[in-house]
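Enquirer: Structure file input.cif, mmCIF, N, CA and C atoms, is pasted below:
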data_entry
loop_
_atom_site.label_atom_id
_atom_site.label_comp_id
_atom_site.auth_asym_id
_atom_site.auth_seq_id
_atom_site.Cartn_x
_atom_site.Cartn_y
_atom_site.Cartn_z
N MET N 5 -13.71 36.05 7.43
CA MET N 5 -12.90 34.90 7.76
C MET N 5 -13.03 34.56 9.24
N LYS N 6 -13.09 35.60 10.09
CA LYS N 6 -13.23 35.37 11.52
C LYS N 6 -14.55 34.68 11.84
N LYS N 7 -15.60 35.07 11.11
CA LYS N 7 -16.91 34.45 11.34
C LYS N 7 -16.89 32.97 10.97
N ILE N 8 -16.23 32.63 9.90
CA ILE N 8 -16.13 31.24 9.47
C ILE N 8 -15.36 30.43 10.51
N LEU N 9 -14.27 30.98 10.99
CA LEU N 9 -13.47 30.30 12.01
C LEU N 9 -14.27 30.13 13.30
N LEU N 10 -14.99 31.16 13.70
CA LEU N 10 -15.81 31.09 14.90
C LEU N 10 -16.91 30.04 14.75
N LEU N 11 -17.56 30.01 13.60
CA LEU N 11 -18.60 29.02 13.34
C LEU N 11 -18.03 27.61 13.38
N PHE N 12 -16.85 27.43 12.80
CA PHE N 12 -16.20 26.13 12.82
C PHE N 12 -15.89 25.71 14.26
N LEU N 13 -15.34 26.61 15.06
CA LEU N 13 -15.00 26.29 16.45
C LEU N 13 -16.24 25.95 17.26
N VAL N 14 -17.32 26.69 17.09
CA VAL N 14 -18.56 26.41 17.81
C VAL N 14 -19.10 25.04 17.43
N SER N 15 -19.07 24.69 16.15
CA SER N 15 -19.57 23.38 15.72
C SER N 15 -18.70 22.26 16.28
N GLN N 16 -17.39 22.47 16.34
CA GLN N 16 -16.49 21.45 16.90
C GLN N 16 -16.71 21.27 18.39
N ILE N 17 -16.92 22.36 19.10
CA ILE N 17 -17.18 22.27 20.54
C ILE N 17 -18.49 21.56 20.79
N ASN N 18 -19.52 21.88 20.01
CA ASN N 18 -20.81 21.22 20.13
C ASN N 18 -20.69 19.72 19.90
N THR N 19 -19.94 19.33 18.89
CA THR N 19 -19.72 17.90 18.60
C THR N 19 -19.00 17.24 19.76
N PHE N 20 -17.99 17.89 20.30
CA PHE N 20 -17.22 17.34 21.42
C PHE N 20 -18.08 17.19 22.67
N VAL N 21 -18.91 18.19 22.97
CA VAL N 21 -19.74 18.15 24.16
C VAL N 21 -20.79 17.05 24.07
N ASN N 22 -21.38 16.86 22.89
CA ASN N 22 -22.44 15.86 22.74
C ASN N 22 -21.92 14.46 22.55
N ALA N 23 -20.68 14.30 22.18
CA ALA N 23 -20.12 12.97 21.95
C ALA N 23 -19.78 12.31 23.27
N GLN N 24 -20.06 11.00 23.34
CA GLN N 24 -19.72 10.22 24.52
C GLN N 24 -19.13 8.90 24.05
N PRO N 25 -18.02 8.49 24.63
CA PRO N 25 -17.42 7.24 24.20
C PRO N 25 -18.26 6.04 24.59
N ILE N 26 -18.20 4.99 23.76
CA ILE N 26 -18.94 3.77 24.03
C ILE N 26 -18.32 3.03 25.19
N SER N 27 -17.02 2.86 25.16
CA SER N 27 -16.37 2.05 26.17
C SER N 27 -16.40 2.76 27.52
N GLY N 28 -16.62 1.98 28.56
CA GLY N 28 -16.57 2.50 29.90
C GLY N 28 -17.88 3.07 30.41
N LYS N 29 -18.84 3.31 29.58
CA LYS N 29 -20.10 3.89 30.03
C LYS N 29 -21.05 2.83 30.58
N THR N 30 -21.22 1.75 29.87
CA THR N 30 -22.14 0.71 30.30
C THR N 30 -21.77 -0.60 29.62
N GLU N 31 -22.12 -1.68 30.25
CA GLU N 31 -21.87 -3.00 29.65
C GLU N 31 -23.01 -3.42 28.76
N LYS N 32 -24.21 -2.91 29.04
CA LYS N 32 -25.37 -3.25 28.21
C LYS N 32 -26.37 -2.11 28.24
N TYR N 33 -27.19 -2.09 27.21
CA TYR N 33 -28.28 -1.13 27.11
C TYR N 33 -29.59 -1.86 27.31
N ASP N 34 -30.52 -1.23 28.02
CA ASP N 34 -31.80 -1.88 28.30
C ASP N 34 -32.59 -2.15 27.03
N VAL N 35 -32.62 -1.16 26.15
CA VAL N 35 -33.36 -1.29 24.89
C VAL N 35 -32.53 -0.67 23.77
N VAL N 36 -32.50 -1.35 22.62
CA VAL N 36 -31.84 -0.82 21.43
C VAL N 36 -32.83 -0.92 20.27
N VAL N 37 -33.06 0.21 19.61
CA VAL N 37 -33.90 0.24 18.42
C VAL N 37 -32.96 0.47 17.24
N SER N 38 -32.90 -0.50 16.33
CA SER N 38 -31.99 -0.46 15.19
C SER N 38 -32.76 -0.09 13.92
N PHE N 39 -32.25 0.88 13.20
CA PHE N 39 -32.85 1.32 11.95
C PHE N 39 -32.00 0.79 10.80
N GLY N 40 -32.55 -0.15 10.05
CA GLY N 40 -31.84 -0.76 8.95
C GLY N 40 -32.21 -0.14 7.61
N SER N 41 -31.58 -0.65 6.58
CA SER N 41 -31.81 -0.16 5.23
C SER N 41 -31.79 -1.33 4.27
N ILE N 42 -32.63 -1.26 3.25
CA ILE N 42 -32.63 -2.28 2.21
C ILE N 42 -31.92 -1.75 0.96
N CYS N 43 -32.25 -0.54 0.57
CA CYS N 43 -31.60 -0.01 -0.63
C CYS N 43 -31.37 1.49 -0.58
N CYS N 44 -32.19 2.17 0.17
CA CYS N 44 -32.24 3.63 -0.02
C CYS N 44 -32.16 4.42 1.27
N GLY N 45 -31.42 3.94 2.23
CA GLY N 45 -31.31 4.64 3.51
C GLY N 45 -32.36 4.17 4.50
N THR N 46 -32.32 4.77 5.67
CA THR N 46 -33.21 4.36 6.75
C THR N 46 -34.48 5.19 6.78
N VAL N 47 -35.45 4.69 7.52
CA VAL N 47 -36.68 5.45 7.74
C VAL N 47 -36.43 6.45 8.87
N SER N 48 -37.33 7.37 9.04
CA SER N 48 -37.21 8.40 10.07
C SER N 48 -37.46 7.82 11.46
N ASP N 49 -36.84 8.43 12.45
CA ASP N 49 -37.08 8.03 13.84
C ASP N 49 -38.10 8.95 14.52
N ASP N 50 -38.82 9.75 13.75
CA ASP N 50 -39.79 10.69 14.31
C ASP N 50 -40.84 10.00 15.18
N PHE N 51 -41.31 8.84 14.77
CA PHE N 51 -42.33 8.12 15.55
C PHE N 51 -41.79 7.78 16.94
N LEU N 52 -40.51 7.46 17.01
CA LEU N 52 -39.88 7.10 18.28
C LEU N 52 -39.67 8.34 19.15
N VAL N 53 -39.29 9.43 18.53
CA VAL N 53 -39.13 10.70 19.25
C VAL N 53 -40.45 11.07 19.91
N ASP N 54 -41.54 11.01 19.16
CA ASP N 54 -42.86 11.35 19.70
C ASP N 54 -43.25 10.43 20.85
N PHE N 55 -43.02 9.14 20.69
CA PHE N 55 -43.37 8.16 21.72
C PHE N 55 -42.58 8.43 23.00
N ILE N 56 -41.30 8.64 22.89
CA ILE N 56 -40.46 8.87 24.08
C ILE N 56 -40.82 10.19 24.75
N LYS N 57 -41.14 11.22 23.99
CA LYS N 57 -41.57 12.49 24.58
C LYS N 57 -42.84 12.30 25.39
N GLN N 58 -43.78 11.49 24.88
CA GLN N 58 -45.01 11.20 25.62
C GLN N 58 -44.71 10.47 26.92
N VAL N 59 -43.83 9.48 26.85
CA VAL N 59 -43.46 8.72 28.05
C VAL N 59 -42.78 9.64 29.07
N ASP N 60 -41.85 10.48 28.59
CA ASP N 60 -41.16 11.41 29.48
C ASP N 60 -42.15 12.33 30.20
N CYS N 61 -43.07 12.88 29.43
CA CYS N 61 -44.04 13.82 29.98
C CYS N 61 -44.97 13.12 30.97
N LYS N 62 -45.44 11.95 30.60
CA LYS N 62 -46.38 11.21 31.45
C LYS N 62 -45.74 10.78 32.77
N ASN N 63 -44.49 10.34 32.71
CA ASN N 63 -43.82 9.83 33.90
C ASN N 63 -42.94 10.86 34.60
N LYS N 64 -42.89 12.08 34.04
CA LYS N 64 -42.07 13.16 34.59
C LYS N 64 -40.62 12.73 34.80
N VAL N 65 -40.07 12.11 33.79
CA VAL N 65 -38.67 11.69 33.79
C VAL N 65 -38.06 12.06 32.45
N THR N 66 -36.76 11.94 32.37
CA THR N 66 -36.07 12.07 31.10
C THR N 66 -35.34 10.77 30.85
N ILE N 67 -35.77 10.06 29.84
CA ILE N 67 -35.15 8.78 29.50
C ILE N 67 -33.81 9.05 28.85
N GLN N 68 -32.79 8.35 29.30
CA GLN N 68 -31.45 8.50 28.74
C GLN N 68 -31.37 7.73 27.44
N ALA N 69 -31.00 8.42 26.37
CA ALA N 69 -30.89 7.76 25.07
C ALA N 69 -29.74 8.36 24.27
N TRP N 70 -29.12 7.51 23.49
CA TRP N 70 -28.01 7.91 22.63
C TRP N 70 -28.23 7.35 21.24
N GLN N 71 -27.66 8.03 20.26
CA GLN N 71 -27.70 7.55 18.89
C GLN N 71 -26.29 7.16 18.47
N LEU N 72 -26.21 6.03 17.79
CA LEU N 72 -24.94 5.54 17.28
C LEU N 72 -25.11 5.29 15.78
N GLY N 73 -24.37 6.03 14.98
CA GLY N 73 -24.44 5.88 13.53
C GLY N 73 -23.29 5.05 13.01
N GLY N 74 -23.19 4.99 11.72
CA GLY N 74 -22.10 4.26 11.09
C GLY N 74 -22.22 2.76 11.25
N CYS N 75 -23.45 2.27 11.31
CA CYS N 75 -23.69 0.83 11.53
C CYS N 75 -23.97 0.10 10.22
N GLY N 76 -23.63 0.69 9.11
CA GLY N 76 -23.85 0.09 7.80
C GLY N 76 -23.50 1.08 6.71
N ARG N 77 -23.62 0.64 5.47
CA ARG N 77 -23.24 1.48 4.33
C ARG N 77 -24.28 2.51 3.93
N GLU N 78 -25.50 2.33 4.39
CA GLU N 78 -26.57 3.22 3.93
C GLU N 78 -27.16 4.06 5.07
N GLY N 79 -26.34 4.40 6.04
CA GLY N 79 -26.80 5.27 7.12
C GLY N 79 -27.50 4.55 8.25
N GLU N 80 -27.33 3.25 8.37
CA GLU N 80 -27.96 2.51 9.45
C GLU N 80 -27.48 3.06 10.79
N PHE N 81 -28.40 3.11 11.74
CA PHE N 81 -28.06 3.62 13.06
C PHE N 81 -28.88 2.92 14.13
N LYS N 82 -28.49 3.16 15.38
CA LYS N 82 -29.16 2.55 16.52
C LYS N 82 -29.45 3.64 17.55
N ILE N 83 -30.60 3.50 18.21
CA ILE N 83 -30.94 4.34 19.34
C ILE N 83 -30.83 3.44 20.58
N LEU N 84 -30.01 3.88 21.53
CA LEU N 84 -29.69 3.07 22.71
C LEU N 84 -30.31 3.71 23.95
N PHE N 85 -31.03 2.92 24.73
CA PHE N 85 -31.72 3.43 25.90
C PHE N 85 -31.20 2.80 27.18
N LEU N 86 -31.03 3.64 28.20
CA LEU N 86 -30.81 3.18 29.56
C LEU N 86 -32.04 3.60 30.36
N LEU N 87 -32.67 2.65 31.01
CA LEU N 87 -33.94 2.91 31.68
C LEU N 87 -33.83 2.86 33.19
N ASN N 88 -32.64 3.05 33.73
CA ASN N 88 -32.44 2.93 35.16
C ASN N 88 -33.13 4.03 35.98
N LYS N 89 -33.56 5.12 35.35
CA LYS N 89 -34.27 6.17 36.07
C LYS N 89 -35.77 5.92 36.15
N LEU N 90 -36.24 4.90 35.44
CA LEU N 90 -37.66 4.55 35.49
C LEU N 90 -37.90 3.53 36.59
N ASN N 91 -39.05 3.66 37.27
CA ASN N 91 -39.38 2.62 38.23
C ASN N 91 -39.79 1.37 37.46
N PRO N 92 -39.76 0.20 38.09
CA PRO N 92 -40.04 -1.05 37.36
C PRO N 92 -41.37 -1.07 36.61
N SER N 93 -42.39 -0.47 37.18
CA SER N 93 -43.71 -0.45 36.52
C SER N 93 -43.66 0.37 35.23
N ASP N 94 -43.06 1.56 35.31
CA ASP N 94 -42.97 2.43 34.13
C ASP N 94 -42.05 1.82 33.07
N LYS N 95 -40.98 1.15 33.52
CA LYS N 95 -40.07 0.48 32.60
C LYS N 95 -40.81 -0.61 31.82
N LYS N 96 -41.63 -1.37 32.53
CA LYS N 96 -42.41 -2.44 31.90
C LYS N 96 -43.40 -1.86 30.88
N LYS N 97 -44.06 -0.75 31.25
CA LYS N 97 -45.00 -0.10 30.33
C LYS N 97 -44.30 0.40 29.07
N LEU N 98 -43.11 0.99 29.25
CA LEU N 98 -42.34 1.49 28.12
C LEU N 98 -41.98 0.35 27.17
N ILE N 99 -41.48 -0.73 27.73
CA ILE N 99 -41.08 -1.87 26.91
C ILE N 99 -42.29 -2.48 26.20
N THR N 100 -43.41 -2.60 26.90
CA THR N 100 -44.64 -3.10 26.28
C THR N 100 -45.08 -2.18 25.14
N GLY N 101 -44.99 -0.88 25.37
CA GLY N 101 -45.35 0.09 24.33
C GLY N 101 -44.45 -0.02 23.11
N LEU N 102 -43.15 -0.19 23.33
CA LEU N 102 -42.22 -0.33 22.21
C LEU N 102 -42.46 -1.63 21.45
N LYS N 103 -42.79 -2.70 22.16
CA LYS N 103 -43.07 -3.99 21.51
C LYS N 103 -44.28 -3.89 20.59
N LYS N 104 -45.18 -2.98 20.90
CA LYS N 104 -46.36 -2.77 20.06
C LYS N 104 -46.05 -1.75 18.95
N LEU N 105 -45.35 -0.68 19.31
CA LEU N 105 -45.09 0.42 18.40
C LEU N 105 -44.21 0.04 17.22
N VAL N 106 -43.11 -0.67 17.48
CA VAL N 106 -42.13 -0.96 16.42
C VAL N 106 -42.73 -1.81 15.30
N PRO N 107 -43.43 -2.93 15.60
CA PRO N 107 -44.04 -3.68 14.50
C PRO N 107 -45.10 -2.88 13.73
N GLU N 108 -45.87 -2.06 14.46
CA GLU N 108 -46.86 -1.22 13.78
C GLU N 108 -46.17 -0.26 12.82
N GLN N 109 -45.08 0.34 13.27
CA GLN N 109 -44.35 1.29 12.41
C GLN N 109 -43.72 0.58 11.22
N ASN N 110 -43.19 -0.62 11.44
CA ASN N 110 -42.65 -1.40 10.32
C ASN N 110 -43.72 -1.66 9.27
N ASN N 111 -44.93 -2.01 9.70
CA ASN N 111 -46.05 -2.24 8.76
C ASN N 111 -46.41 -0.97 8.01
N LYS N 112 -46.49 0.16 8.72
CA LYS N 112 -46.80 1.43 8.07
C LYS N 112 -45.73 1.78 7.03
N ASN N 113 -44.47 1.57 7.40
CA ASN N 113 -43.38 1.90 6.47
C ASN N 113 -43.43 1.03 5.22
N LYS N 114 -43.70 -0.26 5.39
CA LYS N 114 -43.78 -1.19 4.25
C LYS N 114 -44.94 -0.83 3.32
N LYS N 115 -46.06 -0.42 3.92
CA LYS N 115 -47.21 -0.02 3.09
C LYS N 115 -46.90 1.25 2.31
N ALA N 116 -46.19 2.16 2.92
CA ALA N 116 -45.85 3.42 2.26
C ALA N 116 -44.78 3.22 1.20
N LYS N 117 -43.82 2.31 1.46
CA LYS N 117 -42.72 2.08 0.53
C LYS N 117 -42.19 0.67 0.77
N ALA N 118 -42.35 -0.19 -0.21
CA ALA N 118 -41.99 -1.60 -0.05
C ALA N 118 -40.52 -1.81 0.27
N SER N 119 -39.66 -0.89 -0.12
CA SER N 119 -38.23 -1.06 0.11
C SER N 119 -37.76 -0.42 1.42
N SER N 120 -38.71 -0.07 2.29
CA SER N 120 -38.32 0.51 3.58
C SER N 120 -37.50 -0.47 4.38
N GLY N 121 -36.45 0.03 4.99
CA GLY N 121 -35.61 -0.81 5.83
C GLY N 121 -36.32 -1.17 7.13
N PRO N 122 -35.91 -2.27 7.73
CA PRO N 122 -36.57 -2.72 8.96
C PRO N 122 -36.13 -1.92 10.18
N ILE N 123 -37.01 -1.92 11.16
CA ILE N 123 -36.70 -1.38 12.48
C ILE N 123 -36.74 -2.58 13.42
N ASN N 124 -35.65 -2.81 14.13
CA ASN N 124 -35.57 -3.95 15.05
C ASN N 124 -35.46 -3.47 16.48
N LEU N 125 -35.96 -4.30 17.37
CA LEU N 125 -35.98 -3.99 18.79
C LEU N 125 -35.23 -5.08 19.54
N ASP N 126 -34.27 -4.69 20.36
CA ASP N 126 -33.50 -5.64 21.16
C ASP N 126 -33.50 -5.18 22.62
N PHE N 127 -33.38 -6.15 23.52
CA PHE N 127 -33.37 -5.85 24.95
C PHE N 127 -32.10 -6.41 25.59
N ASP N 128 -31.64 -5.75 26.64
CA ASP N 128 -30.41 -6.15 27.33
C ASP N 128 -29.28 -6.38 26.33
N PHE N 129 -29.05 -5.39 25.51
CA PHE N 129 -28.11 -5.46 24.40
C PHE N 129 -26.69 -5.19 24.89
N PRO N 130 -25.77 -6.14 24.72
CA PRO N 130 -24.38 -5.93 25.16
C PRO N 130 -23.70 -4.82 24.35
N ALA N 131 -23.04 -3.91 25.06
CA ALA N 131 -22.34 -2.80 24.40
C ALA N 131 -21.24 -3.30 23.48
N LYS N 132 -20.68 -4.46 23.76
CA LYS N 132 -19.60 -5.01 22.92
C LYS N 132 -20.08 -5.28 21.50
N GLN N 133 -21.38 -5.54 21.33
CA GLN N 133 -21.91 -5.82 20.00
C GLN N 133 -22.03 -4.56 19.15
N LEU N 134 -21.70 -3.43 19.69
CA LEU N 134 -21.77 -2.17 18.94
C LEU N 134 -20.45 -1.81 18.29
N GLU N 135 -19.46 -2.66 18.45
CA GLU N 135 -18.13 -2.36 17.92
C GLU N 135 -18.09 -2.28 16.40
N ASN N 136 -19.06 -2.86 15.72
CA ASN N 136 -19.08 -2.79 14.25
C ASN N 136 -19.58 -1.44 13.74
N CYS N 137 -20.13 -0.62 14.62
CA CYS N 137 -20.58 0.71 14.23
C CYS N 137 -19.40 1.68 14.34
N SER N 138 -19.20 2.45 13.29
CA SER N 138 -18.03 3.33 13.25
C SER N 138 -18.33 4.76 13.69
N GLY N 139 -19.59 5.07 13.91
CA GLY N 139 -19.94 6.44 14.28
C GLY N 139 -19.70 6.73 15.75
N GLN N 140 -19.89 8.00 16.10
CA GLN N 140 -19.75 8.42 17.49
C GLN N 140 -21.08 8.26 18.20
N LEU N 141 -21.01 7.96 19.46
CA LEU N 141 -22.19 7.89 20.32
C LEU N 141 -22.53 9.30 20.77
N THR N 142 -23.71 9.77 20.41
CA THR N 142 -24.13 11.13 20.75
C THR N 142 -25.48 11.10 21.43
N LYS N 143 -25.74 12.11 22.23
CA LYS N 143 -27.05 12.24 22.89
C LYS N 143 -28.13 12.25 21.82
N TRP N 144 -29.24 11.55 22.10
CA TRP N 144 -30.37 11.51 21.17
C TRP N 144 -31.49 12.31 21.80
N ASN N 145 -32.04 13.22 21.07
CA ASN N 145 -33.14 14.09 21.47
C ASN N 145 -33.23 14.22 22.95
#
Using the file provided, produce a representation of the structure as structure tokens.
Expert:
Amino acid sequence: MKKILLLFLVSQINTFVNAQPISGKTEKYDVVVSFGSICCGTVSDDFLVDFIKQVDCKNKVTIQAWQLGGCGREGEFKILFLLNKLNPSDKKKLITGLKKLVPEQNNKNKKAKASSGPINLDFDFPAKQLENCSGQLTKWN
């Protein structure tokens, strides 16, 4: 019983530490990648994880990103990026890379499964537009 209680407390502390409130942190996000669903849940964000890890390694920075779930009935979620630690040149390269990567990934997903939900890319996204998402904002990878 003590082990169960300890495990529960550790998981609650981990959730509390990783959670960050939406309000008061920022008025807008530089880039938002939205994972939608058509019928059967969202596609994986693995392609985005790999891309961001490459950018981090290449530029020797850590891009600030958060995940916000609860944006729909089928597990829709958003990945929110703040790029203020990148210099303007690297920021431009990242955005150019995402503009190429997201449509390519959408095409791959559609070829693999016609009912794949869309992945959308938005820039200078107002934080107020995230109020329809009911999930907690947590650190993303």
Enquirer: Using the chain letters and residue numbers of this document, give as a list in words the residues selected by the PyMOL selection byres ((chain N and resi 75) around 6).
Expert: Leu72, Gly73, Gly74, Gly76, Arg77, Gly79, Glu80, Phe81, Asn136, Cys137, Ser138 and Gly139 of chain N
Enquirer: Care to translate the PyMOL selection byres (((chain N and resi 55 and name CA) around 12) and name CA) into actual residues of this file, as JSON, numbers by chain?
Expert: {"N": [49, 50, 51, 52, 53, 54, 56, 57, 58, 59, 60, 61, 62, 67, 98, 99, 101, 102, 104, 105, 106, 109, 145]}
Enquirer: List, as a count of residues only, every residue that the PyMOL selection byres (((chain N and resi 83-87 and name CA) around 8) and name CA) selects in the file provided.
Expert: 19
Enquirer: Just how far from atom N of Thr46 in chain N is CA of Lys132 in chain N, in Å to one decimal?
Expert: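 Atom N of Thr46 in chain N lies 23.6 Å from CA of Lys132 in chain N.
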Enquirer: Considering only N, CA and C atoms, state which residue in the set N:Asn63, N:Asn91, N:Lys97, N:Gly45 is at the smallest distance from Glu78 in chain N.
Expert: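 Using only N, CA and C atoms, Glu78 in chain N sits closest to N:Gly45.
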Enquirer: Just list the residues in chain N DSSP gives helix (DSSP H, G or I) on the backbone, as a count of residues only.
Expert: 60
Enquirer: Write out as a PyMOL selection string all residues of chain N that DSSP puts in strand (DSSP E or B) for this structure's backbone.
Expert: chain N and resi 23-24+32-39+68-72+81-86+123-130+141-143
Enquirer: Could the residues in this selection be saved with N, CA and C atoms as a tab-separated table (two decimals), in the frame of the given file?
Expert:
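Output below, filename result-v7.tsv:
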chain	number	residue	atom	x	y	z
N	23	ALA	N	-20.68	14.30	22.18
N	23	ALA	CA	-20.12	12.97	21.95
N	23	ALA	C	-19.78	12.31	23.27
N	24	GLN	N	-20.06	11.00	23.34
N	24	GLN	CA	-19.72	10.22	24.52
N	24	GLN	C	-19.13	8.90	24.05
N	32	LYS	N	-24.21	-2.91	29.04
N	32	LYS	CA	-25.37	-3.25	28.21
N	32	LYS	C	-26.37	-2.11	28.24
N	33	TYR	N	-27.19	-2.09	27.21
N	33	TYR	CA	-28.28	-1.13	27.11
N	33	TYR	C	-29.59	-1.86	27.31
N	34	ASP	N	-30.52	-1.23	28.02
N	34	ASP	CA	-31.80	-1.88	28.30
N	34	ASP	C	-32.59	-2.15	27.03
N	35	VAL	N	-32.62	-1.16	26.15
N	35	VAL	CA	-33.36	-1.29	24.89
N	35	VAL	C	-32.53	-0.67	23.77
N	36	VAL	N	-32.50	-1.35	22.62
N	36	VAL	CA	-31.84	-0.82	21.43
N	36	VAL	C	-32.83	-0.92	20.27
N	37	VAL	N	-33.06	0.21	19.61
N	37	VAL	CA	-33.90	0.24	18.42
N	37	VAL	C	-32.96	0.47	17.24
N	38	SER	N	-32.90	-0.50	16.33
N	38	SER	CA	-31.99	-0.46	15.19
N	38	SER	C	-32.76	-0.09	13.92
N	39	PHE	N	-32.25	0.88	13.20
N	39	PHE	CA	-32.85	1.32	11.95
N	39	PHE	C	-32.00	0.79	10.80
N	68	GLN	N	-32.79	8.35	29.30
N	68	GLN	CA	-31.45	8.50	28.74
N	68	GLN	C	-31.37	7.73	27.44
N	69	ALA	N	-31.00	8.42	26.37
N	69	ALA	CA	-30.89	7.76	25.07
N	69	ALA	C	-29.74	8.36	24.27
N	70	TRP	N	-29.12	7.51	23.49
N	70	TRP	CA	-28.01	7.91	22.63
N	70	TRP	C	-28.23	7.35	21.24
N	71	GLN	N	-27.66	8.03	20.26
N	71	GLN	CA	-27.70	7.55	18.89
N	71	GLN	C	-26.29	7.16	18.47
N	72	LEU	N	-26.21	6.03	17.79
N	72	LEU	CA	-24.94	5.54	17.28
N	72	LEU	C	-25.11	5.29	15.78
N	81	PHE	N	-28.40	3.11	11.74
N	81	PHE	CA	-28.06	3.62	13.06
N	81	PHE	C	-28.88	2.92	14.13
N	82	LYS	N	-28.49	3.16	15.38
N	82	LYS	CA	-29.16	2.55	16.52
N	82	LYS	C	-29.45	3.64	17.55
N	83	ILE	N	-30.60	3.50	18.21
N	83	ILE	CA	-30.94	4.34	19.34
N	83	ILE	C	-30.83	3.44	20.58
N	84	LEU	N	-30.01	3.88	21.53
N	84	LEU	CA	-29.69	3.07	22.71
N	84	LEU	C	-30.31	3.71	23.95
N	85	PHE	N	-31.03	2.92	24.73
N	85	PHE	CA	-31.72	3.43	25.90
N	85	PHE	C	-31.20	2.80	27.18
N	86	LEU	N	-31.03	3.64	28.20
N	86	LEU	CA	-30.81	3.18	29.56
N	86	LEU	C	-32.04	3.60	30.36
N	123	ILE	N	-37.01	-1.92	11.16
N	123	ILE	CA	-36.70	-1.38	12.48
N	123	ILE	C	-36.74	-2.58	13.42
N	124	ASN	N	-35.65	-2.81	14.13
N	124	ASN	CA	-35.57	-3.95	15.05
N	124	ASN	C	-35.46	-3.47	16.48
N	125	LEU	N	-35.96	-4.30	17.37
N	125	LEU	CA	-35.98	-3.99	18.79
N	125	LEU	C	-35.23	-5.08	19.54
N	126	ASP	N	-34.27	-4.69	20.36
N	126	ASP	CA	-33.50	-5.64	21.16
N	126	ASP	C	-33.50	-5.18	22.62
N	127	PHE	N	-33.38	-6.15	23.52
N	127	PHE	CA	-33.37	-5.85	24.95
N	127	PHE	C	-32.10	-6.41	25.59
N	128	ASP	N	-31.64	-5.75	26.64
N	128	ASP	CA	-30.41	-6.15	27.33
N	128	ASP	C	-29.28	-6.38	26.33
N	129	PHE	N	-29.05	-5.39	25.51
N	129	PHE	CA	-28.11	-5.46	24.40
N	129	PHE	C	-26.69	-5.19	24.89
N	130	PRO	N	-25.77	-6.14	24.72
N	130	PRO	CA	-24.38	-5.93	25.16
N	130	PRO	C	-23.70	-4.82	24.35
N	141	LEU	N	-21.01	7.96	19.46
N	141	LEU	CA	-22.19	7.89	20.32
N	141	LEU	C	-22.53	9.30	20.77
N	142	THR	N	-23.71	9.77	20.41
N	142	THR	CA	-24.13	11.13	20.75
N	142	THR	C	-25.48	11.10	21.43
N	143	LYS	N	-25.74	12.11	22.23
N	143	LYS	CA	-27.05	12.24	22.89
N	143	LYS	C	-28.13	12.25	21.82
Enquirer: Between N:Leu134, N:Val47, N:Leu141, N:Leu125, which residue has the minimum interatomic distance to Pro107 in chain N, considering all atoms listed in the file?
Expert: N:Leu125
Enquirer: Quick check, in Å to one decimal: how far apart do atom C of Lys103 in chain N and atom C of Phe127 in chain N lie?
Expert: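 Pair atom C of Lys103 in chain N / atom C of Phe127 in chain N returns 13.4 Å.
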Enquirer: So which one's closest to Phe39 in chain N, N:Thr66, N:Glu108, N:Ile123, N:Thr100? Using all atoms listed in the file, please.
Expert: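 Of N:Thr66, N:Glu108, N:Ile123, N:Thr100, the one nearest Phe39 in chain N is N:Ile123, counting all atoms listed in the file.
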Enquirer: Return the padded bounding box of range 67-83 of chain N as lines of an AutoDock Vina configuration file: axis-aligned, built from all atoms listed in the file, 8 Å added on each side, with centre and edge lengths in Å to one decimal.
Expert:
center_x = -28.9
center_y = 5.1
center_z = 16.9
size_x = 29.7
size_y = 26.0
size_z = 41.9
Enquirer: To one decimal place, how far is CA of Asn110 in chain N from CA of Asp128 in chain N in Å?
Expert: 21.5 Å
Enquirer: Here is a test: counting all atoms listed in the file, which residue of N:Thr30, N:Glu135, N:Lys96, N:Gly40 is nearest to Gly121 in chain N?
Expert: N:Gly40
Enquirer: Please, could N, CA, C and O atoms be added to range 95-101 of chain N and the result written as a tab-separated table (two decimals), keeping the file's coordinate frame?
Expert:
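File produced: out-v5.tsv:
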chain	number	residue	atom	x	y	z
N	95	LYS	N	-40.98	1.15	33.52
N	95	LYS	CA	-40.07	0.48	32.60
N	95	LYS	C	-40.81	-0.61	31.82
N	95	LYS	O	-40.68	-0.72	30.61
N	96	LYS	N	-41.63	-1.37	32.53
N	96	LYS	CA	-42.41	-2.44	31.90
N	96	LYS	C	-43.40	-1.86	30.88
N	96	LYS	O	-43.54	-2.38	29.78
N	97	LYS	N	-44.06	-0.75	31.25
N	97	LYS	CA	-45.00	-0.10	30.33
N	97	LYS	C	-44.30	0.40	29.07
N	97	LYS	O	-44.82	0.28	27.97
N	98	LEU	N	-43.11	0.99	29.25
N	98	LEU	CA	-42.34	1.49	28.12
N	98	LEU	C	-41.98	0.35	27.17
N	98	LEU	O	-42.17	0.46	25.96
N	99	ILE	N	-41.48	-0.73	27.73
N	99	ILE	CA	-41.08	-1.87	26.91
N	99	ILE	C	-42.29	-2.48	26.20
N	99	ILE	O	-42.21	-2.79	25.00
N	100	THR	N	-43.41	-2.60	26.90
N	100	THR	CA	-44.64	-3.10	26.28
N	100	THR	C	-45.08	-2.18	25.14
N	100	THR	O	-45.48	-2.64	24.07
N	101	GLY	N	-44.99	-0.88	25.37
N	101	GLY	CA	-45.35	0.09	24.33
N	101	GLY	C	-44.45	-0.02	23.11
N	101	GLY	O	-44.92	0.03	21.97
